[in-house]
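For reference, the structure discussed in these notes is given below.
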Amino acid sequence: MLSIKNLTKVYSGHKKAVDDISIDVQSGEFVAFIGTSGSGKTTALRMINRMIEATSGQITIDGKDVRKMNAVELRRSIGYVIQQIGLMPHMTIKENIVLVPKLWKWSQEKKDKKARELIKLVDLPEEYLDRYPSELSGGQQQQRIGVVRALAAEQDIILMDEPFGALDPITRDTLQDLVKELQKKLGKTFIFVTHDMDEAIKLADRICIMSNGKVVQYDTPDNILRHPANDFVRDFIGQNRLIQDRPNMRTVQDAMIKPITVGVNETLNTAVDIMRRHRIDTIFVVNNQNKFLGYMDIEDINQGLRGGKELIDTMQRDIYRVNVNSKLQDTVRTILKRNVRNVPVVNNQDTLVGLITRANLVDIVYDSIWGEGAEEAQYEAERNEAEQSKQQEKTSAETTVNENNASHDDTSDSGVER
Ligand SMILES: Nc1ncnc2c1ncn2[C@@H]1O[C@H](COP(=O)(O)OP(=O)(O)O)[C@@H](O)[C@H]1O
Ligand SMILES: [Mg+2]
């Protein structure tokens with residue numbers, strides 16, 4: 001555990017840049033420091049590995065005071081990633097990855113092994129190790145290398161100071177996913193500085209909101225969104241953040257609907273019957289423990305029937321699914337990004353417990369983005385409509401306003417009971 005107690009920094013002749021902050025960070029936790037520019041985030045971060053010496057207060061790592069550790073030992077246990085994660089153009093990918101291990105004088109064998117392990121971790125081929133950064137396709141692959149490089153020296157704690165600040169939104173989003181995935185997989189402690197609340201919410205287990213060198217609130221994203229400590233935090237979160245105004249809609253569980261299923265041992269004709277009865281165009285396949293196995297759409301079934309196949313050989317198995325406890329916000333983002341229509345919701349045992357459709361998500365998204373404003377606008381529109389039809393009734397008794405009641409029958413919905 002990393003424990004910060006009454007930490008203060010006064011630069012000579014200045015006001016307090018960091019003013020008596022105390023927080024605990026558990027091992028394996030992802031903590032984001034967030035605040036306006038000049039609030040003391042970088043200073044606080046750099047005191048952790050003693051790049052900046054504290055004026056007063058104490059920092060301990062697993063009970064050991066960092067001031068009593070020698071600098072080498074300390075930096076071995078703490079990695080630091082600065083603002084950009086650019087690669088050295090004149091070094092191969094391998095040389096780039098093992099930059100810090102080289103400083104620690106690792107053996108060639110150990111460095112090679114580490115480089116191979118890390119490139120695998122970011123899903124790039126081993127051949128790339130001998131290439132130069134300019135030979136990698138696109139900035140994204142280079143960025144991925146930049147991220148794993150931070151992990152090369154095997155430190156337990158990684159400090160990152162706005163590493164994605166300068167990236168375009170899509171690259172940023174992908175690298176955030178990567179960082180989060182690596183952090184979960186490797187169980188390291190991350191302390192991450194950002195000024196982007198979306199980034200903090202997406203990545204952090206706990207968020208530390210700073211203002212004028214002080215900690216205003218230190219809590220989980222959920223608790224901060226539900227119970228902002230004061231107006232500063234409320235403003236900081238922003239008025240129209242997705243979902244935040246609907247604290248009861250936080251996880252996938254809150255938004256999912258009941259899926260229609262067919263047992264894997266049933267026939268294709270039974271599947272057709274069920275689909276016809278429920279008026280759906282795709283159906284989920286489960287075993288008798290309700291474990292999620294796959295799905296079929298009408299086209300799959302037609303092909304299966306024509307080919308005289310069994311249901312089990314007809315269903316598609318490889319589908320994107322979400323865990324019932326995942327954050328709704330992340331799921332919305334993924335569904336929009338991947339352009340998928342229906343996403344099965346499973347629990348940790350891969351049991352099918354629900355369904356998120358693009359259609360029902362869209363409702364939630366609109367609602368939370370435009371919220372009350374949208375309701376007012378709609379009310380306004382309805383009133384105008386009513387006014388207009390009254391006028392019309394007056395002028396001509398025959399005129400009707402059927403267009404306004406045109407039904408919006410969306411036949412593309414699926415797995416949804418009507
Ligand atoms: N080396 C320095 N000397 C004097 N003042 C500094 C120095 N570094 C930072 N500061 C001041 O300390 C405060 C906090 O800075 P910093 O930690 O960089 O904030 P942040 O990272 O949140 O933008 C600011 O008022 C800044 O001007
Ligand atoms: Mg800074």
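FYI, nothing fancy with the structure tokens labels: chains A, B, ... in order, residues from 1 per chain, ligands from 1 as they appear.
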Backbone DSSP call of helix (DSSP H, G or I) for region 68-277 of chain A, listed as an MDAnalysis selection string | chainID A and resid 68 71:77 93:97 99:103 108:121 126:130 133:135 138:149 169:186 197:203 221:226 231:237 252:255 268:277
Contacts of ligand 2, 8 Å or closer, only C-alpha atoms and all ligand atoms, given as a ChimeraX atom specification | /A:37-38,40-43,161-162,193
Find the residues around region 183-192 of chain A up to 7 Å (only C-alpha atoms counted), leave out those fewer than 2 positions away in its own chain, and share them as a PyMOL selection string.
-> chain A and resi 27-33+156-161+179-181+194
Using only C-alpha atoms and all ligand atoms, determine which residues fall within 12 Å of ligand 1, then list them as a CSV table (one decimal) with C-alpha atoms, in the first residue's frame.
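pocket_3.csv, freshly written:
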chain,number,residue,atom,x,y,z
A,8,THR,CA,3.0,19.6,1.7
A,9,LYS,CA,5.2,21.3,-0.9
A,10,VAL,CA,6.2,24.9,-0.8
A,11,TYR,CA,8.4,26.1,-3.7
A,12,SER,CA,10.8,28.7,-2.4
A,13,GLY,CA,9.0,32.0,-1.9
A,14,HIS,CA,5.6,30.7,-3.3
A,15,LYS,CA,2.3,29.6,-1.8
A,16,LYS,CA,1.7,26.0,-1.0
A,17,ALA,CA,1.7,24.0,-4.3
A,18,VAL,CA,0.5,20.9,-2.4
A,19,ASP,CA,-1.2,21.7,0.9
A,33,PHE,CA,-5.5,12.8,-9.8
A,34,ILE,CA,-7.6,15.3,-11.5
A,35,GLY,CA,-7.9,19.1,-11.1
A,36,THR,CA,-7.5,22.4,-12.9
A,37,SER,CA,-4.1,23.5,-14.1
A,38,GLY,CA,-1.8,24.5,-11.3
A,39,SER,CA,-3.8,22.6,-8.7
A,40,GLY,CA,-0.7,20.6,-7.6
A,41,LYS,CA,-1.2,17.3,-9.4
A,42,THR,CA,2.3,17.0,-11.0
A,43,THR,CA,3.9,18.2,-7.8
A,44,ALA,CA,2.0,15.6,-5.7
A,45,LEU,CA,2.9,12.8,-8.2
A,46,ARG,CA,6.6,13.7,-8.4
A,47,MET,CA,6.9,13.7,-4.6
A,51,MET,CA,11.7,13.7,-8.2
A,52,ILE,CA,10.5,16.5,-6.0
A,53,GLU,CA,11.3,16.5,-2.3
A,82,ILE,CA,5.9,11.7,-18.8
A,83,GLN,CA,3.5,13.6,-20.9
A,160,MET,CA,1.7,8.7,-15.4
A,161,ASP,CA,1.4,12.4,-15.9
A,162,GLU,CA,-1.2,13.2,-18.6
A,192,PHE,CA,-2.4,8.8,-13.2
A,193,VAL,CA,-2.7,12.5,-13.7
A,194,THR,CA,-5.4,13.9,-16.0
A,195,HIS,CA,-7.5,16.9,-16.5
A,208,CYS,CA,-8.6,12.3,-6.3
A,209,ILE,CA,-10.0,15.7,-7.1
A,210,MET,CA,-7.5,18.5,-6.3
A,211,SER,CA,-7.9,22.3,-6.1
A,212,ASN,CA,-5.4,24.8,-4.9
A,213,GLY,CA,-3.1,22.1,-3.6
A,214,LYS,CA,-5.8,20.4,-1.5
A,215,VAL,CA,-7.8,17.2,-2.0
Within 12 Å of Val66 (chain A), counting only C-alpha atoms, which residues show up once you throw out same-chain ones fewer than 3 positions away? Write them as number ranges by chain, please.
-> A: 2-4, 47-51, 53-54, 57-63, 69-75, 77-78
Would you mind telling me which residue in A:Ile274, A:Leu225, A:Ala359, A:Leu352 lies nearest to Leu336 (chain A) when using only C-alpha atoms?
->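 Under the stated criterion, the closest residue is A:Ala359.
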Apply DSSP to the backbone of this structure and, from region 152-211 of chain A, keep only the residues in strand (DSSP E); write these as JSON, numbers by chain.
-> {"A": [157, 158, 159, 160, 161, 189, 190, 191, 192, 193, 194, 206, 207, 208, 209, 210, 211]}
Atom pair CA of Glu199 (chain A) / CA of Val147 (chain A): separation (Å) =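 These atoms are spaced 15.9 Å apart.
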